[in-house]
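Below: data-v7.tsv (TSV, C-alpha atoms)
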chain	number	residue	atom	x	y	z
A	1	MET	CA	-36.35	-34.55	-71.09
A	2	SER	CA	-38.56	-37.58	-70.64
A	3	ASP	CA	-35.84	-40.25	-70.68
A	4	GLY	CA	-35.26	-41.43	-67.12
A	5	LEU	CA	-31.79	-42.70	-68.07
A	6	ALA	CA	-30.55	-39.43	-69.49
A	7	SER	CA	-26.87	-38.87	-68.85
A	8	ASP	CA	-25.67	-36.11	-66.55
A	9	GLU	CA	-24.28	-34.28	-69.55
A	10	GLU	CA	-27.64	-34.33	-71.33
A	11	LEU	CA	-29.37	-33.11	-68.20
A	12	VAL	CA	-26.92	-30.24	-67.76
A	13	SER	CA	-27.45	-29.26	-71.38
A	14	ALA	CA	-31.25	-29.41	-70.97
A	15	LEU	CA	-31.07	-27.36	-67.76
A	16	ARG	CA	-29.02	-24.67	-69.47
A	17	GLY	CA	-31.69	-24.65	-72.15
A	18	GLY	CA	-34.28	-23.79	-69.51
A	19	ASP	CA	-35.66	-27.25	-68.68
A	20	LEU	CA	-36.26	-27.31	-64.93
A	21	ALA	CA	-37.29	-30.97	-65.05
A	22	ALA	CA	-33.64	-31.66	-65.87
A	23	PHE	CA	-32.72	-29.85	-62.67
A	24	ASP	CA	-35.07	-32.13	-60.73
A	25	ARG	CA	-33.27	-35.18	-62.13
A	26	LEU	CA	-29.83	-33.83	-61.34
A	27	TYR	CA	-31.02	-32.84	-57.90
A	28	ASP	CA	-32.30	-36.36	-57.23
A	29	ARG	CA	-28.98	-37.79	-58.30
A	30	TYR	CA	-26.62	-35.51	-56.47
A	31	ALA	CA	-28.31	-33.37	-53.84
A	32	ARG	CA	-27.99	-35.76	-50.89
A	33	ARG	CA	-24.32	-36.56	-51.56
A	34	LEU	CA	-23.42	-32.99	-52.39
A	35	TYR	CA	-25.18	-31.58	-49.35
A	36	GLY	CA	-23.57	-34.20	-47.11
A	37	TYR	CA	-20.15	-33.16	-48.36
A	38	ILE	CA	-20.78	-29.42	-48.19
A	39	ARG	CA	-22.35	-29.66	-44.75
A	40	ARG	CA	-19.25	-31.41	-43.42
A	41	MET	CA	-17.01	-28.81	-45.04
A	42	VAL	CA	-19.01	-25.72	-44.08
A	43	LEU	CA	-20.25	-26.24	-40.58
A	44	ASP	CA	-22.58	-23.24	-40.34
A	45	PRO	CA	-25.91	-24.54	-41.74
A	46	ALA	CA	-26.97	-21.26	-43.37
A	47	ARG	CA	-23.62	-20.83	-45.11
A	48	ALA	CA	-23.70	-24.48	-46.18
A	49	ASP	CA	-27.14	-23.93	-47.73
A	50	ASP	CA	-25.81	-20.89	-49.61
A	51	ALA	CA	-22.82	-22.83	-50.87
A	52	PHE	CA	-25.09	-25.67	-51.97
A	53	GLN	CA	-27.31	-23.27	-53.93
A	54	GLU	CA	-24.33	-21.53	-55.50
A	55	VAL	CA	-22.97	-24.83	-56.79
A	56	PHE	CA	-26.22	-25.44	-58.67
A	57	MET	CA	-26.14	-21.88	-60.00
A	58	VAL	CA	-22.67	-22.59	-61.40
A	59	VAL	CA	-24.10	-25.73	-63.05
A	60	LEU	CA	-26.75	-23.56	-64.70
A	61	ARG	CA	-24.55	-20.64	-65.69
A	62	GLY	CA	-21.66	-22.62	-67.05
A	63	PRO	CA	-18.27	-20.99	-67.47
A	64	GLY	CA	-17.68	-18.02	-65.24
A	65	ALA	CA	-15.02	-16.09	-63.48
A	66	ASP	CA	-15.34	-18.19	-60.34
A	67	ALA	CA	-15.48	-21.63	-61.92
A	68	PRO	CA	-14.59	-23.17	-65.25
A	69	GLY	CA	-17.57	-24.52	-67.14
A	70	PHE	CA	-18.37	-28.19	-67.31
A	71	ASP	CA	-16.79	-29.73	-70.37
A	72	PRO	CA	-17.77	-33.40	-70.95
A	73	ALA	CA	-14.59	-33.90	-72.94
A	74	ARG	CA	-12.50	-33.11	-69.88
A	75	GLY	CA	-14.14	-35.46	-67.40
A	76	ARG	CA	-17.28	-36.66	-65.73
A	77	PHE	CA	-19.94	-34.39	-64.38
A	78	ALA	CA	-19.72	-35.78	-60.83
A	79	ALA	CA	-16.01	-34.97	-60.62
A	80	TRP	CA	-16.60	-31.46	-61.95
A	81	LEU	CA	-19.56	-30.88	-59.63
A	82	PHE	CA	-17.57	-31.85	-56.56
A	83	ALA	CA	-14.62	-29.81	-57.74
A	84	VAL	CA	-16.90	-26.76	-57.86
A	85	ALA	CA	-18.26	-27.63	-54.42
A	86	ARG	CA	-14.79	-28.13	-53.01
A	87	ASN	CA	-13.58	-24.76	-54.35
A	88	ARG	CA	-16.63	-23.05	-52.92
A	89	CYS	CA	-16.17	-24.71	-49.53
A	90	MET	CA	-12.46	-23.97	-49.46
A	91	ALA	CA	-13.16	-20.31	-50.18
A	92	ASP	CA	-15.55	-20.32	-47.25
A	93	ARG	CA	-13.01	-21.97	-45.02
A	94	ARG	CA	-10.34	-19.51	-46.05
A	95	GLN	CA	-12.49	-16.75	-44.72
A	96	GLY	CA	-12.05	-18.43	-41.38
A	97	LEU	CA	-15.73	-18.36	-40.52
A	98	ALA	CA	-16.19	-22.09	-40.80
A	99	ARG	CA	-13.16	-22.69	-38.66
A	100	ALA	CA	-14.47	-20.36	-36.00
A	101	ALA	CA	-17.78	-22.21	-36.02
A	102	LEU	CA	-15.91	-25.48	-35.71
A	103	LEU	CA	-13.96	-24.36	-32.67
A	104	ASN	CA	-17.11	-23.11	-30.99
A	105	ARG	CA	-19.01	-26.23	-31.81
A	106	GLU	CA	-19.99	-28.42	-28.94
A	107	GLY	CA	-18.17	-31.72	-28.83
A	108	TYR	CA	-15.12	-30.75	-30.82
A	109	ARG	CA	-13.00	-33.06	-28.76
A	110	LEU	CA	-11.77	-36.57	-29.09
A	111	GLU	CA	-11.83	-37.42	-25.43
A	112	PRO	CA	-13.70	-40.60	-24.51
A	113	SER	CA	-17.17	-39.81	-23.31
A	114	ALA	CA	-18.77	-40.79	-20.04
A	115	ASP	CA	-21.17	-43.70	-19.61
A	116	ILE	CA	-24.06	-43.21	-21.98
A	117	SER	CA	-26.34	-45.59	-23.84
A	118	GLY	CA	-29.02	-45.87	-26.51
A	119	PRO	CA	-29.67	-42.95	-28.86
A	120	GLU	CA	-27.31	-40.76	-26.86
A	121	ARG	CA	-24.57	-43.25	-27.52
A	122	GLN	CA	-25.28	-43.12	-31.26
A	123	LEU	CA	-25.19	-39.33	-31.19
A	124	ASP	CA	-21.96	-39.45	-29.29
A	125	GLU	CA	-20.51	-41.88	-31.81
A	126	ALA	CA	-21.46	-39.63	-34.73
A	127	ARG	CA	-19.91	-36.66	-32.93
A	128	ARG	CA	-16.77	-38.66	-32.29
A	129	VAL	CA	-16.47	-39.61	-35.97
A	130	ARG	CA	-17.03	-36.00	-37.02
A	131	ALA	CA	-14.38	-34.80	-34.64
A	132	ALA	CA	-11.93	-37.40	-35.91
A	133	ILE	CA	-12.54	-36.39	-39.53
A	134	ASP	CA	-12.14	-32.73	-38.64
A	135	ALA	CA	-8.83	-33.48	-36.98
A	136	LEU	CA	-7.39	-35.02	-40.17
A	137	PRO	CA	-5.05	-33.04	-42.42
A	138	GLU	CA	-7.03	-31.13	-45.04
A	139	ASP	CA	-6.14	-33.28	-48.06
A	140	GLN	CA	-6.97	-36.51	-46.25
A	141	ARG	CA	-10.21	-35.09	-44.93
A	142	GLN	CA	-11.21	-33.98	-48.44
A	143	LEU	CA	-10.45	-37.38	-49.86
A	144	ILE	CA	-12.44	-39.31	-47.27
A	145	LEU	CA	-15.42	-36.99	-47.47
A	146	MET	CA	-15.53	-37.00	-51.24
A	147	LYS	CA	-15.22	-40.77	-51.34
A	148	GLN	CA	-17.53	-41.68	-48.50
A	149	LEU	CA	-20.13	-38.90	-48.60
A	150	GLY	CA	-19.72	-37.81	-52.22
A	151	GLU	CA	-19.63	-41.45	-53.35
A	152	LEU	CA	-17.20	-40.60	-56.12
A	153	THR	CA	-15.37	-43.44	-57.80
A	154	TYR	CA	-11.58	-43.62	-57.76
A	155	ARG	CA	-11.62	-42.58	-61.40
A	156	GLU	CA	-13.73	-39.52	-60.64
A	157	LEU	CA	-11.50	-38.63	-57.71
A	158	ALA	CA	-8.45	-38.98	-59.95
A	159	GLU	CA	-10.04	-36.63	-62.50
A	160	LEU	CA	-10.99	-34.17	-59.80
A	161	LEU	CA	-7.56	-34.07	-58.19
A	162	GLY	CA	-5.60	-34.45	-61.41
A	163	VAL	CA	-3.67	-37.53	-60.29
A	164	ALA	CA	-3.50	-41.20	-61.27
A	165	GLU	CA	-5.95	-43.71	-59.84
A	166	GLY	CA	-3.06	-45.51	-58.17
A	167	THR	CA	-2.24	-42.31	-56.30
A	168	ILE	CA	-5.84	-42.07	-55.12
A	169	LYS	CA	-5.62	-45.64	-53.81
A	170	SER	CA	-2.48	-45.03	-51.80
A	171	ARG	CA	-3.69	-41.65	-50.48
A	172	LEU	CA	-7.04	-43.02	-49.45
A	173	HIS	CA	-5.43	-45.95	-47.71
A	174	ALA	CA	-3.19	-43.57	-45.76
A	175	ALA	CA	-6.16	-41.34	-44.95
A	176	MET	CA	-8.19	-44.28	-43.65
A	177	LEU	CA	-5.29	-45.43	-41.47
A	178	ALA	CA	-4.98	-41.91	-40.02
A	179	LEU	CA	-8.72	-41.73	-39.39
A	180	ARG	CA	-8.81	-45.10	-37.68
A	181	GLN	CA	-5.90	-44.07	-35.52
A	182	LEU	CA	-7.77	-40.94	-34.44
A	183	LEU	CA	-10.93	-42.94	-33.80
A	184	ALA	CA	-8.99	-45.45	-31.72
A	185	GLU	CA	-7.57	-42.58	-29.64
A	186	GLY	CA	-11.05	-41.29	-28.97
A	187	GLU	CA	-12.67	-44.64	-28.36
A	188	PRO	CA	-14.83	-44.76	-25.21
A	189	VAL	CA	-13.08	-46.36	-22.25
A	190	ASP	CA	-15.66	-49.11	-21.77
A	191	GLU	CA	-15.02	-50.41	-25.28
A	192	LEU	CA	-11.32	-50.89	-24.75
B	1	MET	CA	1.26	-61.84	-49.95
B	2	ASN	CA	1.13	-61.52	-46.17
B	3	CYS	CA	-1.57	-60.03	-43.88
B	4	ASP	CA	-0.18	-56.47	-44.19
B	5	ASP	CA	-0.39	-56.65	-47.98
B	6	TYR	CA	-3.99	-57.82	-47.78
B	7	ARG	CA	-4.91	-55.17	-45.23
B	8	ALA	CA	-3.67	-52.48	-47.60
B	9	LEU	CA	-6.42	-53.62	-49.95
B	10	LEU	CA	-9.27	-53.62	-47.43
B	11	THR	CA	-10.39	-50.03	-48.02
B	12	HIS	CA	-10.52	-50.56	-51.77
B	13	HIS	CA	-12.37	-53.84	-51.25
B	14	ALA	CA	-14.95	-52.03	-49.13
B	15	TYR	CA	-15.42	-49.50	-51.94
B	16	ALA	CA	-15.62	-52.27	-54.58
B	17	GLU	CA	-12.66	-50.73	-56.38
B	18	LEU	CA	-10.51	-53.84	-56.67
B	19	CYS	CA	-9.96	-55.59	-59.95
B	20	PRO	CA	-10.95	-59.29	-60.07
B	21	ALA	CA	-7.28	-60.31	-59.94
B	22	GLU	CA	-6.98	-58.64	-56.50
B	23	ARG	CA	-10.47	-59.34	-55.24
B	24	GLY	CA	-10.33	-63.14	-55.54
B	25	PRO	CA	-7.20	-63.72	-53.45
B	26	LEU	CA	-8.32	-61.16	-50.84
B	27	SER	CA	-11.73	-62.82	-50.41
B	28	SER	CA	-10.02	-66.17	-49.95
B	29	HIS	CA	-7.65	-64.68	-47.39
B	30	LEU	CA	-10.48	-63.07	-45.42
B	31	ALA	CA	-12.25	-66.44	-45.31
B	32	ARG	CA	-9.14	-68.01	-43.75
B	33	CYS	CA	-7.64	-65.25	-41.57
B	34	SER	CA	-9.82	-64.22	-38.62
B	35	ALA	CA	-7.54	-61.29	-37.68
B	36	CYS	CA	-7.84	-59.72	-41.14
B	37	ALA	CA	-11.59	-60.48	-41.23
B	38	LEU	CA	-11.96	-58.67	-37.89
B	39	GLU	CA	-9.94	-55.76	-39.27
B	40	TYR	CA	-12.24	-55.62	-42.26
B	41	CYS	CA	-15.34	-55.59	-40.02
B	42	ARG	CA	-13.87	-52.69	-38.02
B	43	LEU	CA	-13.17	-50.79	-41.21
B	44	LEU	CA	-16.77	-51.28	-42.38
B	45	ALA	CA	-18.02	-50.07	-38.99
B	46	ASP	CA	-15.89	-46.93	-39.26
B	47	LEU	CA	-17.18	-46.24	-42.75
B	48	ASP	CA	-20.72	-46.69	-41.45
B	49	GLY	CA	-19.86	-44.21	-38.72
B	50	ILE	CA	-18.81	-41.63	-41.31
B	51	GLN	CA	-21.99	-42.26	-43.27
B	52	SER	CA	-24.16	-41.90	-40.18
B	53	SER	CA	-22.58	-38.51	-39.49
B	54	LEU	CA	-24.14	-37.33	-42.77
B	55	GLU	CA	-26.46	-34.36	-42.28
B	56	GLU	CA	-30.03	-34.67	-43.54
B	57	LEU	CA	-30.84	-32.73	-46.67
B	58	PRO	CA	-33.49	-30.11	-45.71
B	59	ALA	CA	-36.64	-30.58	-47.79
B	60	ALA	CA	-37.09	-26.84	-48.29
B	61	LEU	CA	-33.61	-26.42	-49.74
B	62	GLY	CA	-34.54	-28.07	-53.03
B	63	ARG	CA	-37.48	-25.69	-53.49
B	64	LYS	CA	-35.25	-22.73	-52.67
B	65	VAL	CA	-32.61	-23.75	-55.21
B	66	ARG	CA	-35.27	-24.46	-57.83
B	67	ALA	CA	-36.82	-21.04	-57.32
B	68	ALA	CA	-33.40	-19.40	-57.68
B	69	LEU	CA	-32.76	-21.28	-60.92
B	70	GLU	CA	-36.22	-20.35	-62.18
B	71	ARG	CA	-35.47	-16.67	-61.56
B	72	GLU	CA	-32.16	-17.05	-63.35
B	73	LEU	CA	-33.82	-18.69	-66.35
B	74	ARG	CA	-36.45	-15.97	-66.72
B	75	PRO	CA	-35.97	-13.70	-69.79
B	76	ARG	CA	-33.78	-10.72	-69.00
B	77	GLY	CA	-36.55	-8.12	-69.49
B	78	LEU	CA	-38.98	-9.95	-67.22
B	79	ARG	CA	-36.24	-10.44	-64.65
B	80	ARG	CA	-35.54	-6.71	-64.66
B	81	ILE	CA	-39.20	-5.84	-64.19
B	82	SER	CA	-39.62	-8.42	-61.50
B	83	SER	CA	-36.56	-7.20	-59.63
B	84	ALA	CA	-37.74	-3.61	-59.94
B	85	LEU	CA	-41.10	-4.62	-58.47
B	86	ARG	CA	-39.43	-6.44	-55.62
B	87	ARG	CA	-37.05	-3.57	-54.88
B	88	PRO	CA	-37.95	-1.72	-51.66
B	89	ILE	CA	-39.50	1.72	-52.19
B	90	PRO	CA	-37.86	4.57	-50.23
B	91	ALA	CA	-40.18	6.30	-47.77
B	92	TYR	CA	-39.73	9.73	-49.36
B	93	ALA	CA	-40.67	8.32	-52.78
B	94	LEU	CA	-43.79	6.73	-51.33
B	95	ALA	CA	-44.74	9.99	-49.60
B	96	ALA	CA	-44.16	11.93	-52.82
B	97	ALA	CA	-46.25	9.46	-54.79
B	98	LEU	CA	-49.13	9.85	-52.33
B	99	LEU	CA	-48.91	13.63	-52.08
B	100	LEU	CA	-48.52	14.34	-55.80
B	101	PRO	CA	-52.16	13.62	-56.80
B	102	ILE	CA	-53.39	15.71	-53.85
B	103	ALA	CA	-51.12	18.59	-54.85
B	104	LEU	CA	-52.26	18.39	-58.47
B	105	TRP	CA	-55.90	18.31	-57.43
B	106	ALA	CA	-55.40	21.31	-55.18
B	107	ARG	CA	-53.67	23.24	-57.97
B	108	TYR	CA	-55.78	22.38	-60.97
B	109	GLY	CA	-58.86	20.52	-59.83
B	110	GLY	CA	-59.77	23.31	-57.33
B	111	ASP	CA	-59.25	26.04	-59.94
B	112	ARG	CA	-61.36	24.22	-62.49
B	113	SER	CA	-64.26	23.82	-60.11
B	114	GLY	CA	-64.00	27.52	-59.14
B	115	ALA	CA	-63.83	28.52	-62.77
B	116	SER	CA	-66.75	26.34	-63.73
B	117	SER	CA	-68.86	27.72	-60.92
B	118	ARG	CA	-67.90	31.23	-61.98
B	119	GLY	CA	-68.58	30.36	-65.59
B	120	GLY	CA	-71.95	28.99	-64.62
B	121	ARG	CA	-72.80	32.16	-62.85
B	122	ASP	CA	-71.71	34.23	-65.86
B	123	ALA	CA	-73.71	32.07	-68.17
B	124	SER	CA	-76.82	32.46	-66.13
B	125	THR	CA	-76.19	36.17	-66.08
B	126	GLN	CA	-75.77	36.25	-69.84
B	127	HIS	CA	-78.64	34.03	-70.78
B	128	SER	CA	-81.25	34.92	-68.27
B	129	PRO	CA	-84.40	35.67	-70.26
B	130	GLY	CA	-85.23	38.53	-67.99
B	131	ASP	CA	-81.93	40.18	-68.62
B	132	ARG	CA	-81.90	39.59	-72.30
B	133	GLY	CA	-83.13	43.03	-73.15
B	134	ALA	CA	-80.61	44.60	-70.88
B	135	LEU	CA	-77.61	43.03	-72.60
B	136	ALA	CA	-75.28	45.21	-74.52
B	137	PRO	CA	-75.52	44.77	-78.30
B	138	ALA	CA	-73.49	41.80	-79.53
B	139	SER	CA	-71.19	43.50	-81.94
B	140	SER	CA	-68.48	40.93	-82.40
B	141	GLY	CA	-65.92	38.77	-80.66
B	142	ALA	CA	-64.34	39.52	-77.36
B	143	ALA	CA	-65.33	43.13	-77.31
B	144	SER	CA	-69.03	42.27	-77.50
B	145	HIS	CA	-68.51	39.72	-74.77
B	146	ARG	CA	-66.96	42.33	-72.56
B	147	ASP	CA	-69.83	44.71	-73.39
B	148	ALA	CA	-72.35	42.05	-72.56
B	149	ASP	CA	-70.83	41.77	-69.17
B	150	ARG	CA	-71.76	45.37	-68.45
B	151	TYR	CA	-75.35	45.64	-67.39
B	152	ASP	CA	-77.11	48.85	-68.15
B	153	ALA	CA	-80.69	48.99	-66.91
B	154	ALA	CA	-81.24	52.31	-68.59
B	155	GLY	CA	-80.07	51.15	-71.98
B	156	PRO	CA	-82.31	50.55	-74.97
B	157	SER	CA	-84.35	47.37	-75.15
B	158	LEU	CA	-83.08	44.34	-77.05
B	159	ALA	CA	-85.57	44.94	-79.85
B	160	ALA	CA	-83.73	48.11	-80.75
B	161	TYR	CA	-80.61	46.21	-81.60
B	162	PRO	CA	-80.10	44.66	-85.03
B	163	ILE	CA	-80.26	40.87	-85.05
B	164	LEU	CA	-76.98	40.45	-86.89

Would you encode the structure as structure tokens?
Amino acid sequence: MSDGLASDEELVSALRGGDLAAFDRLYDRYARRLYGYIRRMVLDPARADDAFQEVFMVVLRGPGADAPGFDPARGRFAAWLFAVARNRCMADRRQGLARAALLNREGYRLEPSADISGPERQLDEARRVRAAIDALPEDQRQLILMKQLGELTYRELAELLGVAEGTIKSRLHAAMLALRQLLAEGEPVDEL
Amino acid sequence: MNCDDYRALLTHHAYAELCPAERGPLSSHLARCSACALEYCRLLADLDGIQSSLEELPAALGRKVRAALERELRPRGLRRISSALRRPIPAYALAAALLLPIALWARYGGDRSGASSRGGRDASTQHSPGDRGALAPASSGAASHRDADRYDAAGPSLAAYPIL
């Protein structure tokens, strides 16, 4: 697979044929976004790493009991990949382990923080955003994470969730309003 | 369209998901309306905040996933051998594997060395030139061998025996 512009579908096919260079290409394209999404869904780093690896194993193995195989006729690879990741993460969450980790996690609060500045302030801001996202209803959280971290297009999101693109637009708008409301509630006092 | 209508489009504008028919009027509105422009800037800042909460991809993870895929892609026979080699060996099996050669040596190796030393002694007894005349006549087969084992100093000399 020497063509740098090979489609995802071609790369998946080459990978299943044993071409690990195709894996390298797919990894370059999706690893950062996929890991960002999984890491926000599965808060325990070791479990997130496992989930990440399992998603790529599903890509290699194709159809299985745990996930339907990727079929180019039924949609884009990105949508399918994130659907696999979402199912894997949801299974993890159902086990309750991720939720327990979340509750034990430091900074799982939306209260305004005390006077801090510089890098600490940035860290605090990131923590505040995380906490706000975690406080969203599950479907809104999924949508924002898959859009913002997964960088999926509205069309891919529509394929993934099995709804019309217009529905994605209205749901995402509602999710962003809810998130901004939560962020406003947790805004530091000195910024008000 | 009023400000609320335009604000409903801001998220999609930020994600470049508006069609040209929507994008044009919104851009014009943002250029005119400072309140909506401020709202748009806040939205972009929030989206940046989500992006900055992104966890770094560990460098070692790619190698780990690649190695797992490589194992998966290996032919089934090789994979089986490789997994058998990597399987932990139980302590009793290891002990048995170490003791078995020693036990076999003790049983057979020791016997063979004893037998060969005995055989050597017998041979020297049989073929000693000095004793040749004292050997019993070699009649045939095992019986003659047994006879040869019996030494009789008073017996006739070897010359008295027929050659064949």

Give me the residues of chain A that have any atom at most 7 Å from an atom of chain B; for each, the nearest atom pair and the distance in Å, rounded to one decimal. Use all atoms listed in the file, sort by chain and number, and format it as a Markdown table.
| residue | atom | partner | partner_atom | distance |
| --- | --- | --- | --- | --- |
| A:Gly18 | CA | B:Leu73 | CA | 6.0 |
| A:Arg32 | CA | B:Leu57 | CA | 5.9 |
| A:Tyr35 | CA | B:Leu57 | CA | 6.4 |
| A:Gly36 | CA | B:Leu54 | CA | 5.4 |
| A:Arg39 | CA | B:Glu55 | CA | 6.7 |
| A:Gln53 | CA | B:Val65 | CA | 5.5 |
| A:Met57 | CA | B:Leu69 | CA | 6.7 |
| A:Ala126 | CA | B:Ser53 | CA | 5.0 |
| A:Val129 | CA | B:Ile50 | CA | 6.2 |
| A:Arg130 | CA | B:Ser53 | CA | 6.6 |
| A:Gln148 | CA | B:Gln51 | CA | 6.9 |
| A:Leu149 | CA | B:Gln51 | CA | 6.6 |
| A:His173 | CA | B:Thr11 | CA | 6.4 |

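Using all atoms listed in the file, the contacts of Ala78 (chain A) at a cut-off of 10 Å, with sequence neighbours closer than 3 positions omitted, comprise Asp8, Glu9, Arg29, Tyr30, Leu34, Gly75, Leu81, Phe82, Ala83, Val84, Gly150, Glu151, Leu152, Thr153, Glu156, Leu157, Glu159 and Leu160 of chain A.
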
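One finds CA of Lys147 (chain A) at 24.4 Å from CA of Pro25 (chain B).
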
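Across the model, the gap from CA of Met146 (chain A) to CA of Ile168 (chain A) is 11.6 Å.
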
What does the distance from CA of Leu5 (chain A) to CA of Gly17 (chain A) come to in Å, to one decimal? 18.5 Å
